[in-house]
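Chemist: Pasting entry_22.cif below, which is mmCIF, C-alpha atoms and all ligand atoms.
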data_structure
loop_
_atom_site.label_atom_id
_atom_site.label_comp_id
_atom_site.auth_asym_id
_atom_site.auth_seq_id
_atom_site.Cartn_x
_atom_site.Cartn_y
_atom_site.Cartn_z
CA MET A 1 150.19 151.85 125.32
CA PRO A 2 151.29 151.94 121.67
CA SER A 3 148.29 152.31 119.34
CA ALA A 4 147.27 149.41 117.09
CA PRO A 5 148.13 149.83 113.38
CA GLY A 6 145.36 151.48 111.31
CA PRO A 7 144.46 150.96 107.61
CA VAL A 8 147.15 153.41 106.39
CA ASP A 9 149.76 151.57 108.45
CA ARG A 10 148.65 148.29 106.91
CA LEU A 11 148.98 149.74 103.41
CA ARG A 12 152.46 151.01 104.21
CA SER A 13 153.33 147.61 105.66
CA ALA A 14 152.20 145.84 102.45
CA TRP A 15 154.27 148.25 100.33
CA TYR A 16 157.38 147.76 102.47
CA GLY A 17 156.76 144.01 102.44
CA PHE A 18 156.77 144.02 98.64
CA TRP A 19 160.12 145.87 98.45
CA PHE A 20 161.62 143.83 101.27
CA ALA A 21 160.79 140.54 99.51
CA LEU A 22 162.11 141.90 96.21
CA SER A 23 165.42 143.18 97.63
CA GLU A 24 166.08 139.94 99.53
CA ARG A 25 165.81 138.01 96.27
CA THR A 26 168.72 139.88 94.74
CA GLY A 27 171.38 138.54 97.07
CA ARG A 28 174.56 139.45 95.17
CA VAL A 29 177.39 140.60 97.46
CA ARG A 30 180.36 142.24 95.70
CA GLY A 31 182.58 142.41 98.79
CA PRO A 32 183.24 144.86 101.65
CA ARG A 33 182.41 148.52 101.07
CA ALA A 34 184.00 150.54 103.85
CA GLU A 35 183.02 154.11 104.69
CA THR A 36 185.37 157.03 104.17
CA PRO A 37 186.58 158.04 107.63
CA CYS A 38 185.49 161.50 108.74
CA GLY A 39 188.78 162.09 110.57
CA GLU A 40 187.13 164.21 113.22
CA LEU A 41 183.72 164.50 114.85
CA GLY A 42 182.34 168.04 114.58
CA ASN A 43 179.09 169.56 115.86
CA LEU A 44 179.07 167.98 119.29
CA ALA A 45 177.70 169.77 122.34
CA PRO A 46 180.50 170.54 124.84
CA GLU A 47 179.34 167.85 127.30
CA ALA A 48 179.15 165.21 124.58
CA ARG A 49 182.58 166.27 123.28
CA ALA A 50 184.08 165.84 126.76
CA ARG A 51 182.49 162.40 127.11
CA VAL A 52 183.73 161.30 123.68
CA ASP A 53 187.23 162.44 124.61
CA SER A 54 187.12 160.49 127.85
CA LEU A 55 185.84 157.32 126.10
CA ARG A 56 188.57 157.70 123.46
CA ALA A 57 191.23 157.90 126.13
CA HIS A 58 189.84 155.21 128.45
CA TYR A 59 189.17 152.60 125.75
CA ALA A 60 191.99 153.65 123.39
CA VAL A 61 189.58 153.95 120.45
CA ALA A 62 189.33 156.44 117.58
CA PHE A 63 186.18 155.53 115.65
CA GLU A 64 186.42 158.67 113.52
CA ARG A 65 189.56 157.24 111.91
CA ARG A 66 187.60 154.20 110.69
CA TYR A 67 184.11 155.50 109.94
CA ALA A 68 182.02 158.35 108.56
CA ALA A 69 180.73 160.79 111.19
CA ARG A 70 177.35 159.12 111.78
CA SER A 71 178.83 155.66 112.35
CA ALA A 72 181.68 157.02 114.46
CA LEU A 73 179.20 158.81 116.72
CA LEU A 74 177.03 155.67 116.92
CA ASN A 75 180.03 153.71 118.21
CA TYR A 76 180.72 156.30 120.91
CA GLU A 77 177.03 156.36 121.84
CA TYR A 78 176.79 152.58 122.26
CA LEU A 79 180.11 152.40 124.09
CA ASP A 80 178.83 155.15 126.38
CA LEU A 81 175.66 153.13 127.13
CA LEU A 82 177.70 150.03 127.99
CA ASP A 83 180.16 152.00 130.09
CA ALA A 84 177.37 153.83 131.95
CA ALA A 85 175.53 150.57 132.68
CA SER A 86 178.76 149.04 133.94
CA ALA A 87 179.44 152.01 136.23
CA GLU A 88 175.86 151.97 137.58
CA TRP A 89 175.82 148.25 138.40
CA GLY A 90 179.51 147.61 139.06
CA TRP A 91 179.16 145.15 136.20
CA GLU A 92 182.13 143.67 134.34
CA PRO A 93 181.43 142.55 130.76
CA PRO A 94 181.87 138.82 130.17
CA ARG A 95 184.89 138.74 127.85
CA GLY A 96 186.22 136.24 125.34
CA GLY A 97 182.91 134.52 124.60
CA GLU A 98 180.58 134.27 121.62
CA VAL A 99 178.45 137.40 121.26
CA HIS A 100 175.43 137.56 118.95
CA ASP A 101 173.77 140.90 118.15
CA VAL A 102 170.11 140.28 117.33
CA GLY A 103 168.67 142.61 114.65
CA CYS A 104 172.01 144.34 113.99
CA GLY A 105 170.74 146.57 111.14
CA GLY A 106 173.77 148.11 109.44
CA PHE A 107 175.94 146.94 112.36
CA ALA A 108 177.88 150.21 112.19
CA TYR A 109 178.44 149.88 115.96
CA ALA A 110 180.18 146.47 115.77
CA ALA A 111 183.53 148.03 116.71
CA ALA A 112 182.12 149.31 120.02
CA LEU A 113 180.80 145.82 120.89
CA HIS A 114 184.11 144.31 119.83
CA ARG A 115 186.02 146.67 122.11
CA TRP A 116 183.65 146.10 125.02
CA PHE A 117 183.23 142.31 124.95
CA ALA A 118 186.59 141.35 123.34
CA PRO A 119 184.67 138.37 121.91
CA ARG A 120 186.04 135.18 120.45
CA ARG A 121 183.28 135.51 117.87
CA LEU A 122 180.93 138.43 117.20
CA VAL A 123 177.96 137.69 114.95
CA GLY A 124 175.48 140.33 113.78
CA ILE A 125 172.21 138.80 112.62
CA ASP A 126 169.61 140.68 110.64
CA VAL A 127 166.64 139.57 108.58
CA GLU A 128 167.36 142.27 106.00
CA GLY A 129 170.64 142.09 104.10
CA HIS A 130 170.20 143.51 100.66
CA ARG A 131 168.55 146.90 101.01
CA ARG A 132 170.28 149.38 98.71
CA LEU A 133 171.95 152.30 100.44
CA GLN A 134 173.27 155.55 99.01
CA GLY A 135 175.69 155.02 96.14
CA GLY A 136 174.23 151.64 95.18
CA VAL A 137 175.99 149.80 98.02
CA THR A 138 173.91 147.09 99.73
CA ARG A 139 173.56 146.72 103.47
CA HIS A 140 175.49 143.43 103.35
CA GLU A 141 178.42 145.06 101.56
CA ARG A 142 178.42 147.99 103.98
CA VAL A 143 178.32 145.70 107.02
CA LEU A 144 181.30 143.75 105.66
CA GLY A 145 183.07 147.11 105.35
CA HIS A 146 182.28 147.92 109.00
CA LEU A 147 183.61 144.53 110.12
CA GLN A 148 186.98 144.81 108.38
CA GLY A 149 189.78 144.47 110.92
CA LEU A 150 187.51 143.12 113.69
CA ALA A 151 188.81 139.61 114.43
CA GLY A 152 186.08 136.96 114.62
CA ALA A 153 183.31 139.29 113.41
CA GLU A 154 180.63 138.09 110.96
CA PHE A 155 177.30 139.11 109.48
CA VAL A 156 174.51 136.60 108.95
CA VAL A 157 171.34 137.43 107.04
CA ALA A 158 168.67 135.39 108.80
CA ASP A 159 165.36 135.63 110.56
CA TYR A 160 166.38 135.33 114.19
CA ARG A 161 163.08 133.64 115.02
CA GLU A 162 164.41 130.61 113.12
CA TYR A 163 168.06 131.00 114.11
CA ALA A 164 169.49 128.13 116.15
CA GLU A 165 173.06 129.03 117.16
CA ARG A 166 174.05 129.23 120.82
CA ALA A 167 175.74 132.31 122.31
CA ASP A 168 177.29 133.34 125.65
CA VAL A 169 176.04 136.91 125.28
CA LEU A 170 173.11 138.27 123.29
CA THR A 171 172.76 141.97 122.60
CA ALA A 172 169.58 143.51 121.20
CA PHE A 173 169.70 147.24 120.47
CA PHE A 174 166.17 148.49 119.83
CA PRO A 175 164.39 145.21 118.99
CA PHE A 176 160.92 145.64 117.49
CA VAL A 177 158.28 145.38 120.23
CA THR A 178 155.80 148.03 118.98
CA PRO A 179 154.53 148.81 115.44
CA GLY A 180 155.92 152.38 115.03
CA PRO A 181 159.62 151.50 114.69
CA VAL A 182 158.86 148.62 112.26
CA LEU A 183 157.24 151.04 109.82
CA GLY A 184 159.88 153.67 110.66
CA TRP A 185 162.48 151.19 109.37
CA ARG A 186 160.35 150.67 106.23
CA LEU A 187 159.67 147.02 107.06
CA PRO A 188 156.45 144.97 107.08
CA LEU A 189 154.48 144.54 110.29
CA GLY A 190 154.83 140.75 109.99
CA LEU A 191 158.24 141.30 111.63
CA LEU A 192 156.52 142.50 114.78
CA ASP A 193 156.55 139.19 116.63
CA PRO A 194 158.29 139.84 119.94
CA SER A 195 157.16 136.69 121.74
CA THR A 196 158.76 134.43 119.09
CA LEU A 197 161.85 136.67 118.94
CA PHE A 198 162.39 136.60 122.71
CA GLY A 199 161.63 132.85 122.77
CA ALA A 200 164.44 132.31 120.24
CA MET A 201 166.80 134.42 122.33
CA ARG A 202 165.97 132.39 125.42
CA ARG A 203 166.56 129.14 123.52
CA ASN A 204 169.87 130.28 122.06
CA LEU A 205 171.43 131.78 125.18
CA ARG A 206 173.79 129.32 126.88
CA PRO A 207 173.21 128.56 130.57
CA GLY A 208 174.83 131.32 132.64
CA GLY A 209 174.69 133.67 129.63
CA LEU A 210 173.58 137.28 129.49
CA LEU A 211 171.11 139.28 127.39
CA LEU A 212 171.81 143.00 127.12
CA MET A 213 168.94 145.02 125.65
CA VAL A 214 168.43 148.69 124.80
CA ASN A 215 164.99 150.22 124.21
CA HIS A 216 163.89 153.63 122.96
CA GLY A 217 162.31 154.83 126.22
CA ALA A 218 160.49 153.77 129.37
CA GLU A 219 157.23 152.88 127.59
CA GLU A 220 158.89 150.68 124.97
CA ALA A 221 161.17 149.18 127.65
CA ALA A 222 158.10 148.17 129.68
CA VAL A 223 156.65 146.28 126.69
CA ALA A 224 160.03 144.63 126.03
CA ALA A 225 160.39 143.71 129.72
CA ARG A 226 157.02 141.92 129.65
CA GLU A 227 158.11 139.95 126.59
CA ALA A 228 161.50 139.10 128.11
CA THR A 229 159.90 137.96 131.36
CA ALA A 230 157.27 135.88 129.52
CA ALA A 231 160.10 134.17 127.61
CA GLY A 232 161.78 133.19 130.90
CA PHE A 233 164.39 135.93 131.38
CA ALA A 234 165.06 137.49 134.80
CA LEU A 235 166.05 141.16 135.11
CA ARG A 236 169.53 141.86 136.52
CA GLY A 237 169.98 145.59 136.03
CA ARG A 238 168.35 148.61 134.39
CA VAL A 239 169.56 152.15 133.73
CA GLU A 240 168.19 155.14 131.79
CA ARG A 241 170.61 157.32 129.84
CA GLU A 242 170.47 160.05 127.21
CA ARG A 243 172.32 159.34 123.98
CA LEU A 244 175.41 161.43 123.33
CA GLY A 245 174.06 162.76 120.02
CA GLY A 246 170.89 163.99 121.79
CA GLU A 247 168.46 161.88 119.69
CA PRO A 248 165.91 160.87 120.82
CA PRO A 249 165.56 163.80 123.25
CA TRP A 250 164.67 161.43 126.10
CA PRO A 251 166.68 158.67 127.81
CA VAL A 252 166.99 155.21 126.32
CA VAL A 253 166.78 152.21 128.67
CA VAL A 254 169.64 149.72 129.01
CA SER A 255 168.85 146.45 130.79
CA THR A 256 170.54 143.11 131.36
CA TRP A 257 168.80 139.75 131.76
CA CYS A 258 169.84 136.22 132.59
C1 LIG A 301 165.18 149.23 115.23
S1 LIG A 301 166.26 148.34 114.20
C2 LIG A 301 167.76 148.34 115.18
C3 LIG A 301 168.99 148.08 114.39
C4 LIG A 301 170.29 148.07 115.19
N1 LIG A 301 170.22 147.13 116.29
C5 LIG A 301 170.66 149.44 115.70
O1 LIG A 301 170.74 149.63 116.92
O2 LIG A 301 170.90 150.35 114.86
C6 LIG A 301 165.69 146.67 114.35
C7 LIG A 301 166.43 145.72 113.43
O3 LIG A 301 165.95 144.41 113.70
C8 LIG A 301 165.87 143.69 112.48
N2 LIG A 301 164.92 142.59 112.69
C9 LIG A 301 163.60 142.66 112.94
N3 LIG A 301 163.06 141.45 113.09
C10 LIG A 301 164.08 140.57 112.94
C11 LIG A 301 164.18 139.15 112.95
N4 LIG A 301 163.09 138.39 113.16
N5 LIG A 301 165.37 138.58 112.75
C12 LIG A 301 166.48 139.33 112.52
N6 LIG A 301 166.45 140.68 112.48
C13 LIG A 301 165.27 141.29 112.69
C14 LIG A 301 165.41 144.72 111.48
O4 LIG A 301 165.71 144.35 110.15
C15 LIG A 301 166.19 145.96 111.95
O5 LIG A 301 167.43 146.05 111.28
#
Let me see whether you can do it: turn the structure in this file into structure tokens.

Modeler:
Amino acid sequence: MPSAPGPVDRLRSAWYGFWFALSERTGRVRGPRAETPCGELGNLAPEARARVDSLRAHYAVAFERRYAARSALLNYEYLDLLDAASAEWGWEPPRGGEVHDVGCGGFAYAAALHRWFAPRRLVGIDVEGHRRLQGGVTRHERVLGHLQGLAGAEFVVADYREYAERADVLTAFFPFVTPGPVLGWRLPLGLLDPSTLFGAMRRNLRPGGLLLMVNHGAEEAAVAAREATAAGFALRGRVERERLGGEPPWPVVVSTWC
């Protein structure tokens, strides 16, 4: 079981809470700030290289021509997770619907979701929009850069617990269900509220819709599964898979729920 936050964690949380509140007050967005494409992905283990090549060919994608190396790899990693889950379950992605990604962070992987779900509308929702990144660019500006050229893609800065927009598909890559990752992302522990988060997802998912979730490992996935079940979701499929970049050095868990 994940350990409860101690006094040092609470101090860190208060500090991150202060900066989070401050940055969200300065909501100026100067427009899209795209990354400089890396052109080519270096430093991949031979197996990962072969898998990237096969994903490139199968899905006719070339993320390295759009993004810096880290984001390009992230897109291949997430596409690999979706493809592996599909192969394991004989599952076809529901296409052409409205897809909402809950807690999208920098949403650098939006292109992989766009390729996979071919959505009518793809909305990334994150409670944090204005954190400053390297070079003075804000997260919001960087996300807009990532979304350039993706038809129907948007970014909404909102607390998903209070979000009330319906979707055909919800995706949640690494939602917060334990304290460690919240502090790891330099955010306050007040954002650790999985029962309200999963309740909102249940409310917002249209009848017949699908939730696809990815968790950091079996232990975290078990906590998330309890929350999903308590909110009224039923498990449809689950698969463990190592990420192409090799981090973390254990398998992540992909699951789908209806
Ligand atoms: C572990 S990060 C994962 C980010 C992204 N999904 C990825 O795979 O890189 C969790 C994200 O959830 C966001 N988040 C946490 N609580 C949230 C809430 N109540 N509403 C919206 N976003 C939230 C955080 O700001 C953070 O960006």

Chemist: Between atom CA of Phe117 of chain A and atom CA of Arg56 of chain A, what is the spacing in Å?

Modeler: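 Computing it gives 16.4 Å between the two atoms.
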
Chemist: Neighbours of ligand LIG 301 (chain A) at 8 Å or closer, counting all atoms listed in the file: which residues, as a count of residues only?

Modeler: 32

Chemist: How many Å separate atom CA of Pro179 of chain A from atom CA of Gly129 of chain A?

Modeler: 20.8 Å

Chemist: Listing only residues of segment 48-83 of chain A within 12 Å of segment 144-150 of chain A, what is the closest atom pair and its distance in Å (to one decimal) for each, using only C-alpha atoms, sorted by chain and residue number ascending, as JSON lines?

Modeler:
{"residue": "A:Phe63", "atom": "CA", "partner": "A:His146", "partner_atom": "CA", "distance": 10.8}
{"residue": "A:Arg66", "atom": "CA", "partner": "A:His146", "partner_atom": "CA", "distance": 8.4}
{"residue": "A:Tyr67", "atom": "CA", "partner": "A:His146", "partner_atom": "CA", "distance": 7.9}
{"residue": "A:Ala68", "atom": "CA", "partner": "A:His146", "partner_atom": "CA", "distance": 10.4}
{"residue": "A:Ser71", "atom": "CA", "partner": "A:His146", "partner_atom": "CA", "distance": 9.1}
{"residue": "A:Ala72", "atom": "CA", "partner": "A:His146", "partner_atom": "CA", "distance": 10.6}
{"residue": "A:Asn75", "atom": "CA", "partner": "A:His146", "partner_atom": "CA", "distance": 11.1}

Chemist: Please indicate the distance in Å from atom CA of Trp91 of chain A to atom CA of Thr256 of chain A, rounded to one decimal place.

Modeler: 10.1 Å

Chemist: What's around segment 198-213 of chain A at 8 Å? Count only C-alpha atoms, leave out sequence neighbours fewer than 5 positions away in its own chain, and write the answer as a list in words.

Modeler: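 In the requested form, the answer reads Tyr160, Arg161, Glu162, Tyr163, Ala164, Glu165, Arg166, Ala167, Asp168, Val169, Leu170, Thr171, Ala172, Phe173, Phe174, Glu227, Ala228, Ala231, Gly232, Phe233, Val254, Ser255, Thr256, Trp257 and Cys258 of chain A.
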
Chemist: Would you output that residue set with C-alpha atoms, as a PDB file, in the coordinates of the input?

Modeler:
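Output saved as selection.pdb:
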ATOM      1  CA  TYR A 160     166.380 135.330 114.190  1.00  0.00           C
ATOM      2  CA  ARG A 161     163.080 133.640 115.020  1.00  0.00           C
ATOM      3  CA  GLU A 162     164.410 130.610 113.120  1.00  0.00           C
ATOM      4  CA  TYR A 163     168.060 131.000 114.110  1.00  0.00           C
ATOM      5  CA  ALA A 164     169.490 128.130 116.150  1.00  0.00           C
ATOM      6  CA  GLU A 165     173.060 129.030 117.160  1.00  0.00           C
ATOM      7  CA  ARG A 166     174.050 129.230 120.820  1.00  0.00           C
ATOM      8  CA  ALA A 167     175.740 132.310 122.310  1.00  0.00           C
ATOM      9  CA  ASP A 168     177.290 133.340 125.650  1.00  0.00           C
ATOM     10  CA  VAL A 169     176.040 136.910 125.280  1.00  0.00           C
ATOM     11  CA  LEU A 170     173.110 138.270 123.290  1.00  0.00           C
ATOM     12  CA  THR A 171     172.760 141.970 122.600  1.00  0.00           C
ATOM     13  CA  ALA A 172     169.580 143.510 121.200  1.00  0.00           C
ATOM     14  CA  PHE A 173     169.700 147.240 120.470  1.00  0.00           C
ATOM     15  CA  PHE A 174     166.170 148.490 119.830  1.00  0.00           C
ATOM     16  CA  GLU A 227     158.110 139.950 126.590  1.00  0.00           C
ATOM     17  CA  ALA A 228     161.500 139.100 128.110  1.00  0.00           C
ATOM     18  CA  ALA A 231     160.100 134.170 127.610  1.00  0.00           C
ATOM     19  CA  GLY A 232     161.780 133.190 130.900  1.00  0.00           C
ATOM     20  CA  PHE A 233     164.390 135.930 131.380  1.00  0.00           C
ATOM     21  CA  VAL A 254     169.640 149.720 129.010  1.00  0.00           C
ATOM     22  CA  SER A 255     168.850 146.450 130.790  1.00  0.00           C
ATOM     23  CA  THR A 256     170.540 143.110 131.360  1.00  0.00           C
ATOM     24  CA  TRP A 257     168.800 139.750 131.760  1.00  0.00           C
ATOM     25  CA  CYS A 258     169.840 136.220 132.590  1.00  0.00           C
TER      26      CYS A 258
END

Chemist: Val137 of chain A: which residues within 10 Å, counting all atoms listed in the file, same-chain residues fewer than 5 positions away excluded, as a VMD selection string?

Modeler: chain A and resid 29 to 34 130 to 132 142

Chemist: For segment 69-93 of chain A, which lacks atoms in the input, supply N, CA and C atoms and format the output as a compact mmCIF listing (two decimals), in the coordinates of the input.

Modeler:
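This went into rebuild36.txt:
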# COMPACT_ATOMS: atom_id res chain seq x y z
N ALA A 69 181.09 160.14 109.92
CA ALA A 69 180.73 160.79 111.19
C ALA A 69 179.57 160.09 111.90
N ARG A 70 178.54 159.70 111.15
CA ARG A 70 177.35 159.12 111.78
C ARG A 70 177.69 157.79 112.47
N SER A 71 178.46 156.97 111.79
CA SER A 71 178.83 155.66 112.35
C SER A 71 179.80 155.84 113.51
N ALA A 72 180.71 156.79 113.37
CA ALA A 72 181.68 157.02 114.46
C ALA A 72 180.94 157.44 115.72
N LEU A 73 179.97 158.37 115.56
CA LEU A 73 179.20 158.81 116.72
C LEU A 73 178.41 157.65 117.32
N LEU A 74 177.81 156.83 116.45
CA LEU A 74 177.03 155.67 116.92
C LEU A 74 177.90 154.77 117.81
N ASN A 75 179.13 154.55 117.41
CA ASN A 75 180.03 153.71 118.21
C ASN A 75 180.30 154.34 119.58
N TYR A 76 180.51 155.65 119.60
CA TYR A 76 180.72 156.30 120.91
C TYR A 76 179.44 156.23 121.74
N GLU A 77 178.30 156.40 121.09
CA GLU A 77 177.03 156.36 121.84
C GLU A 77 176.82 154.99 122.49
N TYR A 78 177.05 153.92 121.72
CA TYR A 78 176.79 152.58 122.26
C TYR A 78 177.83 152.21 123.31
N LEU A 79 179.08 152.65 123.09
CA LEU A 79 180.11 152.40 124.09
C LEU A 79 179.78 153.16 125.38
N ASP A 80 179.25 154.35 125.22
CA ASP A 80 178.83 155.15 126.38
C ASP A 80 177.73 154.43 127.16
N LEU A 81 176.75 153.84 126.45
CA LEU A 81 175.66 153.13 127.13
C LEU A 81 176.22 151.95 127.93
N LEU A 82 177.12 151.20 127.31
CA LEU A 82 177.70 150.03 127.99
C LEU A 82 178.52 150.46 129.20
N ASP A 83 179.30 151.51 129.01
CA ASP A 83 180.16 152.00 130.09
C ASP A 83 179.31 152.54 131.25
N ALA A 84 178.23 153.25 130.90
CA ALA A 84 177.37 153.83 131.95
C ALA A 84 176.67 152.72 132.73
N ALA A 85 176.20 151.68 132.01
CA ALA A 85 175.53 150.57 132.68
C ALA A 85 176.51 149.87 133.60
N SER A 86 177.73 149.71 133.14
CA SER A 86 178.76 149.04 133.94
C SER A 86 179.05 149.83 135.21
N ALA A 87 179.15 151.17 135.06
CA ALA A 87 179.44 152.01 136.23
C ALA A 87 178.28 151.95 137.23
N GLU A 88 177.06 151.96 136.71
CA GLU A 88 175.86 151.97 137.58
C GLU A 88 175.76 150.67 138.39
N TRP A 89 176.06 149.55 137.73
CA TRP A 89 175.82 148.25 138.40
C TRP A 89 177.09 147.63 138.94
N GLY A 90 178.25 148.27 138.71
CA GLY A 90 179.51 147.61 139.06
C GLY A 90 179.65 146.30 138.30
N TRP A 91 179.26 146.35 137.01
CA TRP A 91 179.16 145.15 136.20
C TRP A 91 180.37 145.04 135.27
N GLU A 92 181.00 143.90 135.25
CA GLU A 92 182.13 143.67 134.34
C GLU A 92 181.62 142.87 133.14
N PRO A 93 181.91 143.31 131.93
CA PRO A 93 181.43 142.55 130.76
C PRO A 93 182.08 141.17 130.71
